[in-house]
Amino acid sequence: DQWGNGCSMINSNYMSFGTGIVPKGCGFSLQNRGHGFASLNIGSDHPNCIGPSKRPYHTIIPGLATYPGRESLYGTFGVMGGFMQPQGHAQVIRNMLDLGMDPQQALDAPRFFVNVADYSIGENIFDAELSKPKIFLESPISEEIAEDLRGRGHTVVSQVDGMRRSMFGRGQIIRRDPKSGVLTAGSDPRADGCSMAF
């Protein structure tokens with residue numbers, strides 16, 4: 001706002017359409033965060049197994065950063081995408097702070113994703129919990145990098161493109177210049193949003 005304040009929000013019903021249950025006459029679907037509990041077939045002693053007074057694992061992580069040593073707002077940001085969310089946040093904020101990218105460049109840059117499940121083929125993180133983690137590399141990250149990671153013992157899925165790119169999240173960023181107050185923004189090309197001035 002005109003005083004340099006900002007907020008960040010992640011709006012999610014989880015897994016595209018949540019539970020798929022639409023309350024009669026309401027026009028929205030109910031969330032599905034209960035999916036974040038581990039299935040009972042893993043064993044009732046598992047720390048994430050459903051039970052009394054427990055909460056499911058979730059990834060609602062809105063991001064907001066201030067300038068180091070000051071109280072002024074650097075920017076608000078969020079990369080939705082389940083288990084990609086914290087990894088996406090780290091990658092886009094690094095792109096801006098360490099690599100000097102503007103918000104749109106930070107979101108356009110290819111990403112990597114470390115996970116045990118490949119959502120694009122229907123795997124579930126809790127069903128695959130004991131699997132070896134995979135590193136997913138978005139195209140155009142080179143095969144040379146993929147081969148280097150494989151040589152270090154990692155399982156790598158490379159050249160992820162097309163609709164499968166949705167596993168890398170969908171983000172938006174608004175950054176504020178502390179001197180001029182000018183806002184710059186970006187919206188992820190992996191989704192259908194856009195940044196607009198008004």
# chains A, B, ... in the order shown; residues from 1 in each chain; ligands from 1
>>> residues_around(residues="stretch 93-109 of chain A", least_positions_apart="3", cutoff="9 Å", atoms="only C-alpha atoms", output="list in words")
Ala65, Phe77, Gly88, His89, Ala90, Arg170, Gly171, Gln172, Ile173, Ile174, Arg175, Thr184, Ala185, Gly186, Ser187, Asp188, Pro189 and Arg190 of chain A
>>> select_by_dssp(residues="stretch 45-164 of chain A", states="helix (DSSP H, G or I)", output="mmCIF file with all heavy atoms, in the first residue's frame")
data_model
loop_
_atom_site.group_PDB
_atom_site.id
_atom_site.type_symbol
_atom_site.label_atom_id
_atom_site.label_comp_id
_atom_site.auth_asym_id
_atom_site.auth_seq_id
_atom_site.Cartn_x
_atom_site.Cartn_y
_atom_site.Cartn_z
ATOM 1 N N GLY A 82 2.015 -27.453 -3.357
ATOM 2 C CA GLY A 82 2.216 -28.566 -2.434
ATOM 3 C C GLY A 82 3.631 -28.611 -1.899
ATOM 4 O O GLY A 82 4.164 -27.631 -1.394
ATOM 5 N N PHE A 83 4.268 -29.766 -2.034
ATOM 6 C CA PHE A 83 5.589 -29.984 -1.454
ATOM 7 C C PHE A 83 6.682 -29.211 -2.182
ATOM 8 O O PHE A 83 7.809 -29.119 -1.700
ATOM 9 C CB PHE A 83 5.892 -31.482 -1.412
ATOM 10 C CG PHE A 83 4.851 -32.225 -0.614
ATOM 11 C CD1 PHE A 83 3.853 -32.958 -1.239
ATOM 12 C CD2 PHE A 83 4.834 -32.147 0.766
ATOM 13 C CE1 PHE A 83 2.876 -33.614 -0.501
ATOM 14 C CE2 PHE A 83 3.860 -32.791 1.512
ATOM 15 C CZ PHE A 83 2.881 -33.528 0.877
ATOM 16 N N MET A 84 6.354 -28.609 -3.321
ATOM 17 C CA MET A 84 7.289 -27.746 -4.030
ATOM 18 C C MET A 84 7.355 -26.363 -3.392
ATOM 19 O O MET A 84 8.316 -25.629 -3.576
ATOM 20 C CB MET A 84 6.858 -27.631 -5.503
ATOM 21 C CG MET A 84 7.688 -26.700 -6.351
ATOM 22 S SD MET A 84 9.415 -27.206 -6.454
ATOM 23 C CE MET A 84 10.139 -25.796 -7.248
ATOM 24 N N GLN A 85 6.347 -26.013 -2.595
ATOM 25 C CA GLN A 85 6.223 -24.650 -2.098
ATOM 26 C C GLN A 85 7.477 -24.125 -1.392
ATOM 27 O O GLN A 85 8.001 -23.090 -1.786
ATOM 28 C CB GLN A 85 4.989 -24.536 -1.201
ATOM 29 C CG GLN A 85 4.530 -23.116 -1.050
ATOM 30 C CD GLN A 85 3.157 -23.033 -0.416
ATOM 31 O OE1 GLN A 85 2.974 -22.219 0.470
ATOM 32 N NE2 GLN A 85 2.215 -23.834 -0.823
ATOM 33 N N PRO A 86 8.009 -24.782 -0.362
ATOM 34 C CA PRO A 86 9.216 -24.223 0.274
ATOM 35 C C PRO A 86 10.428 -24.222 -0.651
ATOM 36 O O PRO A 86 11.256 -23.313 -0.594
ATOM 37 C CB PRO A 86 9.429 -25.127 1.487
ATOM 38 C CG PRO A 86 8.663 -26.377 1.210
ATOM 39 C CD PRO A 86 7.540 -26.002 0.304
ATOM 40 N N GLN A 87 10.522 -25.219 -1.521
ATOM 41 C CA GLN A 87 11.641 -25.257 -2.463
ATOM 42 C C GLN A 87 11.517 -24.134 -3.490
ATOM 43 O O GLN A 87 12.506 -23.490 -3.858
ATOM 44 C CB GLN A 87 11.680 -26.610 -3.175
ATOM 45 C CG GLN A 87 11.932 -27.778 -2.229
ATOM 46 C CD GLN A 87 11.870 -29.105 -2.952
ATOM 47 O OE1 GLN A 87 12.626 -29.351 -3.879
ATOM 48 N NE2 GLN A 87 10.962 -29.974 -2.520
ATOM 49 N N GLY A 88 10.293 -23.892 -3.942
ATOM 50 C CA GLY A 88 10.055 -22.811 -4.903
ATOM 51 C C GLY A 88 10.336 -21.454 -4.297
ATOM 52 O O GLY A 88 10.931 -20.578 -4.942
ATOM 53 N N HIS A 89 9.931 -21.260 -3.036
ATOM 54 C CA HIS A 89 10.211 -19.994 -2.353
ATOM 55 C C HIS A 89 11.715 -19.740 -2.314
ATOM 56 O O HIS A 89 12.166 -18.640 -2.623
ATOM 57 C CB HIS A 89 9.674 -20.032 -0.930
ATOM 58 C CG HIS A 89 8.206 -19.791 -0.839
ATOM 59 N ND1 HIS A 89 7.572 -19.564 0.353
ATOM 60 C CD2 HIS A 89 7.237 -19.745 -1.781
ATOM 61 C CE1 HIS A 89 6.288 -19.382 0.151
ATOM 62 N NE2 HIS A 89 6.060 -19.503 -1.146
ATOM 63 N N ALA A 90 12.467 -20.739 -1.906
ATOM 64 C CA ALA A 90 13.918 -20.580 -1.808
ATOM 65 C C ALA A 90 14.534 -20.258 -3.169
ATOM 66 O O ALA A 90 15.428 -19.419 -3.266
ATOM 67 C CB ALA A 90 14.542 -21.847 -1.229
ATOM 68 N N GLN A 91 14.040 -20.903 -4.220
ATOM 69 C CA GLN A 91 14.615 -20.681 -5.546
ATOM 70 C C GLN A 91 14.299 -19.289 -6.089
ATOM 71 O O GLN A 91 15.183 -18.614 -6.620
ATOM 72 C CB GLN A 91 14.142 -21.771 -6.509
ATOM 73 C CG GLN A 91 14.764 -23.123 -6.182
ATOM 74 C CD GLN A 91 14.211 -24.248 -7.016
ATOM 75 O OE1 GLN A 91 14.262 -24.209 -8.237
ATOM 76 N NE2 GLN A 91 13.671 -25.267 -6.359
ATOM 77 N N VAL A 92 13.046 -18.815 -5.948
ATOM 78 C CA VAL A 92 12.726 -17.496 -6.520
ATOM 79 C C VAL A 92 13.336 -16.366 -5.698
ATOM 80 O O VAL A 92 13.806 -15.377 -6.277
ATOM 81 C CB VAL A 92 11.203 -17.280 -6.723
ATOM 82 C CG1 VAL A 92 10.645 -18.286 -7.711
ATOM 83 C CG2 VAL A 92 10.419 -17.282 -5.433
ATOM 84 N N ILE A 93 13.393 -16.493 -4.377
ATOM 85 C CA ILE A 93 14.001 -15.425 -3.580
ATOM 86 C C ILE A 93 15.514 -15.389 -3.816
ATOM 87 O O ILE A 93 16.122 -14.325 -3.899
ATOM 88 C CB ILE A 93 13.635 -15.532 -2.075
ATOM 89 C CG1 ILE A 93 13.851 -14.198 -1.367
ATOM 90 C CG2 ILE A 93 14.392 -16.623 -1.370
ATOM 91 C CD1 ILE A 93 12.792 -13.177 -1.605
ATOM 92 N N ARG A 94 16.130 -16.562 -4.001
ATOM 93 C CA ARG A 94 17.565 -16.600 -4.344
ATOM 94 C C ARG A 94 17.812 -15.963 -5.700
ATOM 95 O O ARG A 94 18.789 -15.240 -5.892
ATOM 96 C CB ARG A 94 18.086 -18.029 -4.335
ATOM 97 C CG ARG A 94 19.564 -18.091 -4.689
ATOM 98 C CD ARG A 94 20.096 -19.502 -4.817
ATOM 99 N NE ARG A 94 21.514 -19.478 -5.114
ATOM 100 C CZ ARG A 94 22.033 -19.336 -6.336
ATOM 101 N NH1 ARG A 94 21.250 -19.213 -7.391
ATOM 102 N NH2 ARG A 94 23.339 -19.317 -6.517
ATOM 103 N N ASN A 95 16.929 -16.246 -6.655
ATOM 104 C CA ASN A 95 17.082 -15.648 -7.986
ATOM 105 C C ASN A 95 17.132 -14.127 -7.905
ATOM 106 O O ASN A 95 17.895 -13.478 -8.628
ATOM 107 C CB ASN A 95 15.940 -16.075 -8.907
ATOM 108 C CG ASN A 95 16.049 -17.517 -9.351
ATOM 109 O OD1 ASN A 95 17.083 -18.150 -9.193
ATOM 110 N ND2 ASN A 95 14.969 -18.056 -9.887
ATOM 111 N N MET A 96 16.319 -13.538 -7.026
ATOM 112 C CA MET A 96 16.306 -12.076 -6.907
ATOM 113 C C MET A 96 17.472 -11.557 -6.064
ATOM 114 O O MET A 96 18.181 -10.647 -6.489
ATOM 115 C CB MET A 96 14.969 -11.612 -6.311
ATOM 116 C CG MET A 96 13.794 -11.823 -7.262
ATOM 117 S SD MET A 96 12.261 -11.058 -6.701
ATOM 118 C CE MET A 96 11.946 -11.951 -5.179
ATOM 119 N N LEU A 97 17.683 -12.134 -4.889
ATOM 120 C CA LEU A 97 18.697 -11.603 -3.974
ATOM 121 C C LEU A 97 20.128 -11.895 -4.431
ATOM 122 O O LEU A 97 21.001 -11.036 -4.366
ATOM 123 C CB LEU A 97 18.490 -12.153 -2.563
ATOM 124 C CG LEU A 97 17.201 -11.732 -1.848
ATOM 125 C CD1 LEU A 97 17.094 -12.426 -0.498
ATOM 126 C CD2 LEU A 97 17.125 -10.227 -1.702
ATOM 127 N N PRO A 103 11.378 -9.651 -10.470
ATOM 128 C CA PRO A 103 10.388 -10.669 -10.125
ATOM 129 C C PRO A 103 9.976 -11.571 -11.286
ATOM 130 O O PRO A 103 9.850 -12.792 -11.098
ATOM 131 C CB PRO A 103 9.208 -9.846 -9.603
ATOM 132 C CG PRO A 103 9.849 -8.649 -8.989
ATOM 133 C CD PRO A 103 10.990 -8.329 -9.929
ATOM 134 N N GLN A 104 9.777 -11.016 -12.482
ATOM 135 C CA GLN A 104 9.353 -11.865 -13.595
ATOM 136 C C GLN A 104 10.459 -12.823 -14.011
ATOM 137 O O GLN A 104 10.209 -13.999 -14.273
ATOM 138 C CB GLN A 104 8.885 -11.019 -14.785
ATOM 139 C CG GLN A 104 8.213 -11.839 -15.873
ATOM 140 C CD GLN A 104 6.965 -12.549 -15.365
ATOM 141 O OE1 GLN A 104 6.050 -11.923 -14.860
ATOM 142 N NE2 GLN A 104 6.932 -13.881 -15.479
ATOM 143 N N GLN A 105 11.692 -12.336 -14.066
ATOM 144 C CA GLN A 105 12.816 -13.219 -14.411
ATOM 145 C C GLN A 105 12.963 -14.338 -13.383
ATOM 146 O O GLN A 105 13.240 -15.482 -13.739
ATOM 147 C CB GLN A 105 14.121 -12.416 -14.469
ATOM 148 C CG GLN A 105 14.206 -11.445 -15.620
ATOM 149 C CD GLN A 105 15.405 -10.512 -15.483
ATOM 150 O OE1 GLN A 105 15.772 -10.098 -14.379
ATOM 151 N NE2 GLN A 105 16.014 -10.179 -16.606
ATOM 152 N N ALA A 106 12.780 -13.995 -12.098
ATOM 153 C CA ALA A 106 12.913 -14.996 -11.030
ATOM 154 C C ALA A 106 11.889 -16.112 -11.191
ATOM 155 O O ALA A 106 12.182 -17.280 -10.926
ATOM 156 C CB ALA A 106 12.757 -14.322 -9.667
ATOM 157 N N LEU A 107 10.681 -15.766 -11.624
ATOM 158 C CA LEU A 107 9.637 -16.772 -11.818
ATOM 159 C C LEU A 107 9.803 -17.534 -13.125
ATOM 160 O O LEU A 107 9.445 -18.703 -13.216
ATOM 161 C CB LEU A 107 8.261 -16.099 -11.770
ATOM 162 C CG LEU A 107 7.846 -15.584 -10.397
ATOM 163 C CD1 LEU A 107 6.683 -14.608 -10.514
ATOM 164 C CD2 LEU A 107 7.503 -16.730 -9.462
ATOM 165 N N ASP A 108 10.334 -16.881 -14.146
ATOM 166 C CA ASP A 108 10.533 -17.535 -15.453
ATOM 167 C C ASP A 108 11.646 -18.578 -15.427
ATOM 168 O O ASP A 108 11.640 -19.522 -16.220
ATOM 169 C CB ASP A 108 10.891 -16.497 -16.526
ATOM 170 C CG ASP A 108 9.731 -15.597 -16.918
ATOM 171 O OD1 ASP A 108 8.572 -15.907 -16.564
ATOM 172 O OD2 ASP A 108 9.991 -14.573 -17.580
ATOM 173 N N TYR A 119 3.984 -36.723 -9.129
ATOM 174 C CA TYR A 119 2.543 -36.471 -9.179
ATOM 175 C C TYR A 119 1.973 -36.649 -10.580
ATOM 176 O O TYR A 119 0.815 -37.008 -10.739
ATOM 177 C CB TYR A 119 2.215 -35.053 -8.715
ATOM 178 C CG TYR A 119 2.741 -34.709 -7.349
ATOM 179 C CD1 TYR A 119 3.404 -33.522 -7.114
ATOM 180 C CD2 TYR A 119 2.565 -35.581 -6.280
ATOM 181 C CE1 TYR A 119 3.879 -33.194 -5.861
ATOM 182 C CE2 TYR A 119 3.037 -35.269 -5.025
ATOM 183 C CZ TYR A 119 3.690 -34.079 -4.820
ATOM 184 O OH TYR A 119 4.171 -33.772 -3.582
ATOM 185 N N SER A 120 2.789 -36.361 -11.598
ATOM 186 C CA SER A 120 2.275 -36.399 -12.969
ATOM 187 C C SER A 120 1.900 -37.809 -13.415
ATOM 188 O O SER A 120 1.196 -37.979 -14.396
ATOM 189 C CB SER A 120 3.294 -35.799 -13.941
ATOM 190 O OG SER A 120 4.424 -36.627 -14.034
ATOM 191 N N ILE A 121 2.368 -38.821 -12.679
ATOM 192 C CA ILE A 121 1.965 -40.196 -13.020
ATOM 193 C C ILE A 121 1.135 -40.817 -11.898
ATOM 194 O O ILE A 121 0.984 -42.025 -11.808
ATOM 195 C CB ILE A 121 3.191 -41.083 -13.366
ATOM 196 C CG1 ILE A 121 4.179 -41.156 -12.191
ATOM 197 C CG2 ILE A 121 3.877 -40.584 -14.631
ATOM 198 C CD1 ILE A 121 5.279 -42.193 -12.393
ATOM 199 N N GLU A 143 21.037 -31.656 -19.851
ATOM 200 C CA GLU A 143 21.332 -33.062 -19.571
ATOM 201 C C GLU A 143 22.707 -33.204 -18.932
ATOM 202 O O GLU A 143 22.946 -34.144 -18.186
ATOM 203 C CB GLU A 143 21.260 -33.900 -20.851
ATOM 204 C CG GLU A 143 19.896 -34.429 -21.178
ATOM 205 C CD GLU A 143 19.286 -35.273 -20.055
ATOM 206 O OE1 GLU A 143 19.941 -36.213 -19.547
ATOM 207 O OE2 GLU A 143 18.143 -34.978 -19.679
ATOM 208 N N GLU A 144 23.598 -32.257 -19.200
ATOM 209 C CA GLU A 144 24.922 -32.284 -18.577
ATOM 210 C C GLU A 144 24.790 -32.181 -17.057
ATOM 211 O O GLU A 144 25.435 -32.913 -16.305
ATOM 212 C CB GLU A 144 25.767 -31.125 -19.119
ATOM 213 C CG GLU A 144 27.169 -31.079 -18.572
ATOM 214 C CD GLU A 144 27.980 -29.915 -19.133
ATOM 215 O OE1 GLU A 144 27.528 -29.262 -20.091
ATOM 216 O OE2 GLU A 144 29.065 -29.682 -18.587
ATOM 217 N N ILE A 145 23.914 -31.295 -16.591
ATOM 218 C CA ILE A 145 23.666 -31.162 -15.153
ATOM 219 C C ILE A 145 23.004 -32.426 -14.614
ATOM 220 O O ILE A 145 23.367 -32.939 -13.556
ATOM 221 C CB ILE A 145 22.815 -29.904 -14.866
ATOM 222 C CG1 ILE A 145 23.640 -28.651 -15.154
ATOM 223 C CG2 ILE A 145 22.296 -29.905 -13.431
ATOM 224 C CD1 ILE A 145 22.877 -27.359 -15.105
ATOM 225 N N ALA A 146 22.044 -32.956 -15.369
ATOM 226 C CA ALA A 146 21.363 -34.193 -14.957
ATOM 227 C C ALA A 146 22.364 -35.334 -14.809
ATOM 228 O O ALA A 146 22.331 -36.084 -13.826
ATOM 229 C CB ALA A 146 20.273 -34.557 -15.960
ATOM 230 N N GLU A 147 23.251 -35.480 -15.758
ATOM 231 C CA GLU A 147 24.248 -36.552 -15.712
ATOM 232 C C GLU A 147 25.223 -36.358 -14.557
ATOM 233 O O GLU A 147 25.630 -37.325 -13.912
ATOM 234 C CB GLU A 147 25.009 -36.654 -17.040
ATOM 235 C CG GLU A 147 24.205 -37.302 -18.148
ATOM 236 C CD GLU A 147 23.669 -38.681 -17.771
ATOM 237 O OE1 GLU A 147 24.414 -39.495 -17.173
ATOM 238 O OE2 GLU A 147 22.480 -38.932 -18.040
ATOM 239 N N ASP A 148 25.587 -35.105 -14.258
ATOM 240 C CA ASP A 148 26.455 -34.835 -13.125
ATOM 241 C C ASP A 148 25.777 -35.281 -11.826
ATOM 242 O O ASP A 148 26.408 -35.913 -10.978
ATOM 243 C CB ASP A 148 26.800 -33.349 -13.069
ATOM 244 C CG ASP A 148 27.716 -33.027 -11.896
ATOM 245 O OD1 ASP A 148 28.873 -33.513 -11.882
ATOM 246 O OD2 ASP A 148 27.269 -32.311 -10.979
ATOM 247 N N LEU A 149 24.496 -34.969 -11.678
ATOM 248 C CA LEU A 149 23.751 -35.380 -10.481
ATOM 249 C C LEU A 149 23.636 -36.894 -10.402
ATOM 250 O O LEU A 149 23.776 -37.485 -9.331
ATOM 251 C CB LEU A 149 22.368 -34.727 -10.467
ATOM 252 C CG LEU A 149 22.353 -33.219 -10.220
ATOM 253 C CD1 LEU A 149 20.985 -32.637 -10.536
ATOM 254 C CD2 LEU A 149 22.758 -32.917 -8.780
ATOM 255 N N ARG A 150 23.379 -37.543 -11.534
ATOM 256 C CA ARG A 150 23.313 -39.018 -11.548
ATOM 257 C C ARG A 150 24.657 -39.608 -11.135
ATOM 258 O O ARG A 150 24.712 -40.603 -10.406
ATOM 259 C CB ARG A 150 22.911 -39.507 -12.934
ATOM 260 C CG ARG A 150 21.451 -39.255 -13.269
ATOM 261 C CD ARG A 150 21.065 -39.794 -14.657
ATOM 262 N NE ARG A 150 19.716 -39.393 -14.992
ATOM 263 C CZ ARG A 150 19.392 -38.524 -15.951
ATOM 264 N NH1 ARG A 150 20.345 -37.970 -16.709
ATOM 265 N NH2 ARG A 150 18.137 -38.222 -16.180
ATOM 266 N N GLY A 151 25.740 -38.991 -11.594
ATOM 267 C CA GLY A 151 27.076 -39.456 -11.244
ATOM 268 C C GLY A 151 27.366 -39.341 -9.751
ATOM 269 O O GLY A 151 28.245 -40.020 -9.224
ATOM 270 N N GLY A 162 6.066 -29.280 -20.748
ATOM 271 C CA GLY A 162 4.635 -29.386 -21.028
ATOM 272 C C GLY A 162 3.810 -29.277 -19.758
ATOM 273 O O GLY A 162 4.159 -28.563 -18.814
ATOM 274 N N MET A 163 2.711 -30.006 -19.717
ATOM 275 C CA MET A 163 1.813 -29.967 -18.559
ATOM 276 C C MET A 163 2.476 -30.486 -17.280
ATOM 277 O O MET A 163 2.093 -30.106 -16.180
ATOM 278 C CB MET A 163 0.542 -30.775 -18.838
ATOM 279 C CG MET A 163 -0.357 -30.162 -19.892
ATOM 280 S SD MET A 163 -0.932 -28.509 -19.457
ATOM 281 C CE MET A 163 -1.998 -28.865 -18.083
ATOM 282 N N ARG A 164 3.494 -31.325 -17.416
ATOM 283 C CA ARG A 164 4.188 -31.847 -16.233
ATOM 284 C C ARG A 164 4.914 -30.744 -15.474
ATOM 285 O O ARG A 164 5.269 -30.909 -14.318
ATOM 286 C CB ARG A 164 5.175 -32.944 -16.631
ATOM 287 C CG ARG A 164 4.487 -34.211 -17.104
ATOM 288 C CD ARG A 164 5.472 -35.335 -17.334
ATOM 289 N NE ARG A 164 6.048 -35.765 -16.067
ATOM 290 C CZ ARG A 164 7.251 -36.315 -15.943
ATOM 291 N NH1 ARG A 164 8.015 -36.518 -16.995
ATOM 292 N NH2 ARG A 164 7.701 -36.696 -14.773
#
>>> closest_atom_pairs(of="stretch 76-190 of chain A", to="stretch 10-28 of chain A", cutoff="9 Å", atoms="only C-alpha atoms", output="Markdown table")
| residue | atom | partner | partner_atom | distance |
| --- | --- | --- | --- | --- |
| A:Gly78 | CA | A:Ile10 | CA | 6.8 |
| A:Val79 | CA | A:Ile10 | CA | 8.3 |
| A:Met80 | CA | A:Ile10 | CA | 6.9 |
| A:Gly81 | CA | A:Tyr14 | CA | 8.7 |
| A:Gly82 | CA | A:Tyr14 | CA | 7.5 |
>>> atom_distance(atom1="atom CA of A:Gly63", atom2="atom CA of A:Cys49")
28.1 Å
>>> select_by_dssp(residues="stretch 52-154 of chain A", states="strand (DSSP E or B)", output="list in words")
Gly63, Leu64, Ala65, Thr66, Leu73, Tyr74, Gly75, Thr76, Phe77, Gly78, Val79, Met80, Phe112, Phe113, Val114, Asn115, Lys134, Ile135, Phe136, Leu137 and Glu138 of chain A
>>> write_last_selection(atoms="C-alpha atoms", output="PDB file, in the first residue's frame")
ATOM      1  CA  GLY A  63       6.210 -15.496   1.934  1.00  0.00           C
ATOM      2  CA  LEU A  64       7.181 -11.967   2.914  1.00  0.00           C
ATOM      3  CA  ALA A  65      10.694 -10.529   3.144  1.00  0.00           C
ATOM      4  CA  THR A  66      12.140  -7.316   4.573  1.00  0.00           C
ATOM      5  CA  LEU A  73       9.298  -4.376   3.004  1.00  0.00           C
ATOM      6  CA  TYR A  74      11.385  -6.076   0.312  1.00  0.00           C
ATOM      7  CA  GLY A  75       8.476  -7.985  -1.175  1.00  0.00           C
ATOM      8  CA  THR A  76       5.663 -10.459  -0.914  1.00  0.00           C
ATOM      9  CA  PHE A  77       5.787 -13.749  -2.744  1.00  0.00           C
ATOM     10  CA  GLY A  78       4.313 -17.185  -2.908  1.00  0.00           C
ATOM     11  CA  VAL A  79       4.913 -20.326  -4.932  1.00  0.00           C
ATOM     12  CA  MET A  80       1.910 -22.617  -4.650  1.00  0.00           C
ATOM     13  CA  PHE A 112      14.284 -28.207  -9.717  1.00  0.00           C
ATOM     14  CA  PHE A 113      12.131 -30.223  -7.311  1.00  0.00           C
ATOM     15  CA  VAL A 114      13.258 -32.882  -4.825  1.00  0.00           C
ATOM     16  CA  ASN A 115      10.463 -35.322  -3.971  1.00  0.00           C
ATOM     17  CA  LYS A 134      14.094 -38.066  -7.031  1.00  0.00           C
ATOM     18  CA  ILE A 135      15.372 -34.772  -8.390  1.00  0.00           C
ATOM     19  CA  PHE A 136      13.074 -33.400 -11.090  1.00  0.00           C
ATOM     20  CA  LEU A 137      14.724 -30.927 -13.475  1.00  0.00           C
ATOM     21  CA  GLU A 138      12.623 -28.581 -15.537  1.00  0.00           C
TER      22      GLU A 138
END
>>> atom_distance(atom1="atom CA of A:Asp161", atom2="atom CA of A:Arg111")
11.1 Å
>>> atom_distance(atom1="atom CA of A:Ile50", atom2="atom CA of A:Gly34")
8.7 Å
>>> closest_residue(among="A:Lys132, A:His154, A:His46, A:Arg33", to="A:Ile60", atoms="only C-alpha atoms")
A:Arg33
